[in-house]
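Q: Just dropping this structure here.
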Amino acid sequence: CWYNLIYFGHNPKKIHVLNGGLKKWNDEKKQTTNILTKTKISKYSAIEKKELVKNKNEINKNISSNIFKVIDARSKERFEGKVKEPRKGLRSGSIPKSLCIPYRELINDDNTFKNEKEILNIFKNTLGKEMTTNIVFSCGSGVTASVLALAYSLINNKYMPTIYDGSWAEYGKI
C-alpha cells in the first residue's frame with residue numbers, strides 16, 4: 001500500500017507505515033477505536049508515476065547497459081536456483097547480473113524493520129560503497145519487492161521506490 005500511494009502521486013513524506021503492524025500495536029496496548037469514521041465523497045485525482053515501474057524490456061536492456069541495480073527479495077535458495085520454484089511454469093534462477101537481499105533479512109522476529117544501522121549494513125554488504133538511488137527491486141511476484149524498497153527508503157531519503165512489477169513470475173517463465 002505504501003508503494004501504491006507513492007506510485008499514484010502522494011508525497012512519500014506524508015505516508016507512514018505502522019512498523020510491526022496492528023498486532024504489535026495491540027500487543028503494546030496502544031489505543032484503538034471501534035468508532036467508524038464518516039467519510040465524504042470527494043474528487044480524487046491521481047498522478048501516475050509510471051517511471052516507478054520497470055517492465056521486462058527495460059530489465060533486459062539493463063543487463064547490458066547496467067544503468068540501474070536490480071535487487072531480488074526472494075530467498076537465496078530461490079535466487080540461486082537451488083530449489084524448485086513454487087509457481088508452475090517458472091524455471092529456477094534469477095535475472096542476470098541481479099543481486100539478492102532476502103526481505104526476511106531486514107525484518108525482526110516481531111515483524112518490525114531492523115534498525116537503520118543494520119539495514120544500512122545489509123545494503124552495503126550487497127552494494128558495496130555504492131549507495132545509489134538507481135535501484136530497482138524485484139521478487140517472485142512484485143509484492144515483497146516493496147518491502148526492500150521501503151527498507152531502502154529508511155536509509156536513503158532521496159530514493160523513490162522503483163519496482164519490476166512482473167518480477168520472477170514474468171521473467172522466469174519457461
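Labels used: A, B, ... for chains in the order of the C-alpha cells, numbers from 1 for residues in each chain, and numbers from 1 for ligands as shown.
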Identify, on the basis of only C-alpha atoms, every residue whose closest approach to segment 126-130 of chain A does not exceed 8 Å; exclude the query and any residue fewer than 2 positions from it along the same chain; express the result as a PyMOL selection string.
A: chain A and resi 99-101+122-124+132
Q: Please provide the set of residues having any atom within 9 Å of segment 135-137 of chain A, restricted to only C-alpha atoms, with same-chain residues fewer than 5 positions apart removed, written as number ranges by chain.
A: A: 52-54, 68-73, 142, 144-146, 148-149, 159, 161-165, 167
Q: Could you pull out the strand (DSSP E or B) residues of segment 8-165 of chain A, going by DSSP on the backbone, and write them as a count of residues only?
A: 17
Q: Could you list, as a PyMOL selection string, every residue within 9 Å of segment 4-21 of chain A, counting only C-alpha atoms and ignoring same-chain residues fewer than 6 positions away?
A: chain A and resi 45-53+108+110-113+160-162
Q: Between atom CA of Gly166 of chain A and atom CA of Ser94 of chain A, what is the distance in Å, rounded to a tenth?
A: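 Going from atom CA of Gly166 of chain A over to atom CA of Ser94 of chain A, I get 12.9 Å.
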Q: Could you check which of A:Ile59, A:Ile107, A:Leu22, A:Ile174 is closest to Ile95 of chain A, using only C-alpha atoms?
A: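 The answer is A:Ile59, which sits nearest to Ile95 of chain A.
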Q: Suppose you want the space between atom CA of Lys76 of chain A and atom CA of Ile119 of chain A; what is it in Å?
A: 17.4 Å
Q: Give me, please, the distance in Å between atom CA of Lys38 of chain A and atom CA of Tyr3 of chain A, quoted to one decimal.
A: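 Taking atom CA of Lys38 of chain A as the start and atom CA of Tyr3 of chain A as the end point, the length is 25.8 Å.
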